[in-house]
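Okay, so here's the structure we're looking at.
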Number of protein chains: 2
Amino acid sequence: MNAAQLFEQIKAKRSFLCVGLDTDLNKIPECLKGQPDAALTFNKAIIDATAPYIVCYKPNLAFYEVQGAEGIRCFEQTCEYIRTKYPEIMIIADAKRGDIGNTSEQYAKAFFDTNLADAVTLSPYMGYDTVAPFLKYEGKWSVILALTSNPSAEDFEMQRMADGRRLYELVLETTKQWGDADNTMYVVGATKAFMLEGIRSIVPDHFLLVPGVGAQGGSLRDVAAYGMNSRCGLLVNSSRGIIYADRTERYAEVAGEKAREMQAEMSELLDTYLR
Amino acid sequence: MNAAQLFEQIKAKRSFLCVGLDTDLNKIPECLKGQPDAALTFNKAIIDATAPYIVCYKPNLAFYEVQGAEGIRCFEQTCEYIRTKYPEIMIIADAKRGDIGNTSEQYAKAFFDTNLADAVTLSPYMGYDTVAPFLKYEGKWSVILALTSNPSAEDFEMQRMADGRRLYELVLETTKQWGDADNTMYVVGATKAFMLEGIRSIVPDHFLLVPGVGAQGGSLRDVAAYGMNSRCGLLVNSSRGIIYADRTERYAEVAGEKAREMQAEMSELLDTYLR
């Protein structure tokens, strides 16, 4: 999937919503607990309820790895379910991988040779060697950490370099030369929406994956106002606010309602800010 | 395992060797290919042959994840094999994880609640939130990327900050305040051994995990000369140079010989440089 195809989906669904599948066996509804394949059952129900309102799913690998080999099987089956039933929906494997050379190649194979995911989140710390193997795959995406939504983004990302730029700005300027707006996205936290204007001056055309709306306090309107470009250029992620909105047997229905509410707001924001 | 216990092992075996279990199904000996559980069979044979000469194994998660759920099962079984047969040997899960808050907690659970590993490699880019959940585990280690052995360490790690320090120096100075020399190690590439002197001025007491000796061109003697402290403070990793030293039926025997050669050299270096 390239940027134009992603934008087509956004226009068709009037949504730039990404739903994070951070499926935690301790947080799923009581009615599912103890069932075999509870996490997969939960994911399928959430997916069926939210698919009409979203353009992207983002399974968070940590929540699958914590269940060992069985959890990885659930991740695989979840991706296969989306691929089969909703082939138009993008899948971002939120894995924050970052290693070099032959190791990075293995990670790229794990997510892309299998076609489990369209995109993988990557940490830029070790430089170009980290990202290069992922960029070799036509139609696949590297989603590079730039400015994240957590408080300790201050520790390194926000620190000033010798030339006055902040580290995340150096990351944007350096990494945008490695690929292009059809194979590279950036993670930019919604809690720092006012900084999106400066980020857009560095990467005007790239898609940004924006976590932190909702539970973490970011405003969807601010993100759209400061971050939207002529192809939308935004994927706004919500995880807990949608998938754990209800813990009763109505969990999927309520997740669908929450996704539809966000889609309705996004539809208005597309009218206002798409330029 | 704390630093004193690790040093006891180093003295007992006269070795600070870590063997990287980067088990690639395309690179294992022909005699194993196509066998069920070929990777696990390979790992067990390599472990039995090398265990007398080493203090640490470092399975590289990428090489297991590329085989999906089955690969993760192999990783788990490999760790369990080491735990049962060689309980004194440290296990570092080379995973380069790095995420925040509740996600980082899940990664910590995945490796530590299970007791699969004693240590996990972590990327510092997102700051304190990344490492904090790992530091809560008594007797477990965070192995933080500082200055890696790859050419593109230049892209960010080596860049100068506003105060003249390089980014990796800022990482060392900042992160050493989060934990201590009993729960934090640093990855420092052997290809930059001459820089170990400066690194030792920032973190005199911490263990350093040093990849890049052998295949990547780093010198073991230089690493010891510049990096060794009064508790050795070094774990030098070799992966391909040991586990793929021979591709015939003698693979395990030859891996054992290679490990013994490195152990013999390390024994001399401990006599010379331990201070």
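Note on naming: chains are A, B, ... as they come in the structure tokens, residues start from 1 per chain, ligands start from 1 in the order shown.
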Find the spatial neighbours of region 265-272 of chain A, counting only C-alpha atoms, within a cut-off of 12 Å - ignore same-chain residues fewer than 3 positions away - and output them as a PyMOL selection string. chain A and resi 7+10-18+53-55+219-236+258-262+275
For region 80-95 of chain B, work out the shell of residues within 7 Å, counting only C-alpha atoms and skipping chain neighbours fewer than 3 positions away, then give it as a count of residues only. 15
Could you make a table, as a Markdown table, of the residues of chain B that have an atom within 7 Å of an atom of chain A, each with its nearest atom pair and distance in Å to one decimal, counting only C-alpha atoms, in chain and number order?
```
| residue | atom | partner | partner_atom | distance |
| --- | --- | --- | --- | --- |
| B:Ala62 | CA | A:Tyr107 | CA | 5.3 |
| B:Phe63 | CA | A:Gln106 | CA | 6.0 |
| B:Glu65 | CA | A:Ala110 | CA | 6.1 |
| B:Val66 | CA | A:Ala110 | CA | 4.1 |
| B:Gly68 | CA | A:Ile72 | CA | 6.8 |
| B:Ala69 | CA | A:Ala69 | CA | 4.6 |
| B:Glu70 | CA | A:Ala69 | CA | 6.7 |
| B:Ile72 | CA | A:Ala69 | CA | 5.1 |
| B:Arg73 | CA | A:Ala69 | CA | 5.3 |
| B:Lys96 | CA | A:Gly98 | CA | 6.2 |
| B:Arg97 | CA | A:Arg97 | CA | 6.5 |
| B:Gly98 | CA | A:Lys96 | CA | 6.2 |
| B:Asp99 | CA | A:Lys96 | CA | 6.8 |
| B:Thr103 | CA | A:Ala62 | CA | 6.0 |
| B:Gln106 | CA | A:Ala62 | CA | 5.5 |
| B:Tyr107 | CA | A:Ala62 | CA | 5.3 |
| B:Lys109 | CA | A:Val66 | CA | 6.2 |
| B:Ala110 | CA | A:Val66 | CA | 4.1 |
| B:Tyr125 | CA | A:Tyr125 | CA | 6.1 |
| B:Met126 | CA | A:Ala153 | CA | 5.4 |
| B:Gly127 | CA | A:Ser152 | CA | 4.9 |
| B:Tyr128 | CA | A:Ser152 | CA | 5.6 |
| B:Asp129 | CA | A:Ser152 | CA | 6.0 |
| B:Thr148 | CA | A:Met126 | CA | 6.9 |
| B:Ser152 | CA | A:Gly127 | CA | 4.9 |
| B:Ala153 | CA | A:Met126 | CA | 5.4 |
| B:Asp155 | CA | A:Gly127 | CA | 5.2 |
| B:Phe156 | CA | A:Gly127 | CA | 6.2 |
| B:Glu157 | CA | A:Tyr125 | CA | 6.7 |
| B:Arg160 | CA | A:Ala162 | CA | 5.5 |
| B:Met161 | CA | A:Met161 | CA | 3.9 |
| B:Ala162 | CA | A:Ala162 | CA | 3.9 |
| B:Asp163 | CA | A:Ala162 | CA | 7.0 |
| B:Gly164 | CA | A:Ala162 | CA | 6.7 |
```
If you run DSSP over the backbone, which residues in region 25-247 of chain B end up helix (DSSP H, G or I)? Put them as a count of residues only. 98
Quick check for you: according to DSSP on this backbone, which residues of region 136-243 of chain B are classed as strand (DSSP E or B)? Reply as a VMD selection string. chain B and resid 141 to 147 160 to 161 166 184 to 188 207 to 210 213 218 229 232 234 to 238
Minimum-distance residue to Val254 (chain A), chosen among A:Ala38, A:Ile46, A:Leu208, A:Val19 (using only C-alpha atoms): A:Ile46
Which is closer to Tyr251 (chain B) than all the others in B:Glu8, B:Asp37, B:Gly198, B:Lys44, using only C-alpha atoms?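 Using only C-alpha atoms, Tyr251 (chain B) sits closest to B:Lys44.
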Hey, what's within 8 Å of Asp182 (chain A) if we count only C-alpha atoms and toss same-chain stuff fewer than 4 positions away? As a list in words, please?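 My list of contacting residues is Asn2, Ala3, Gly139, Trp141 and His206 of chain A.
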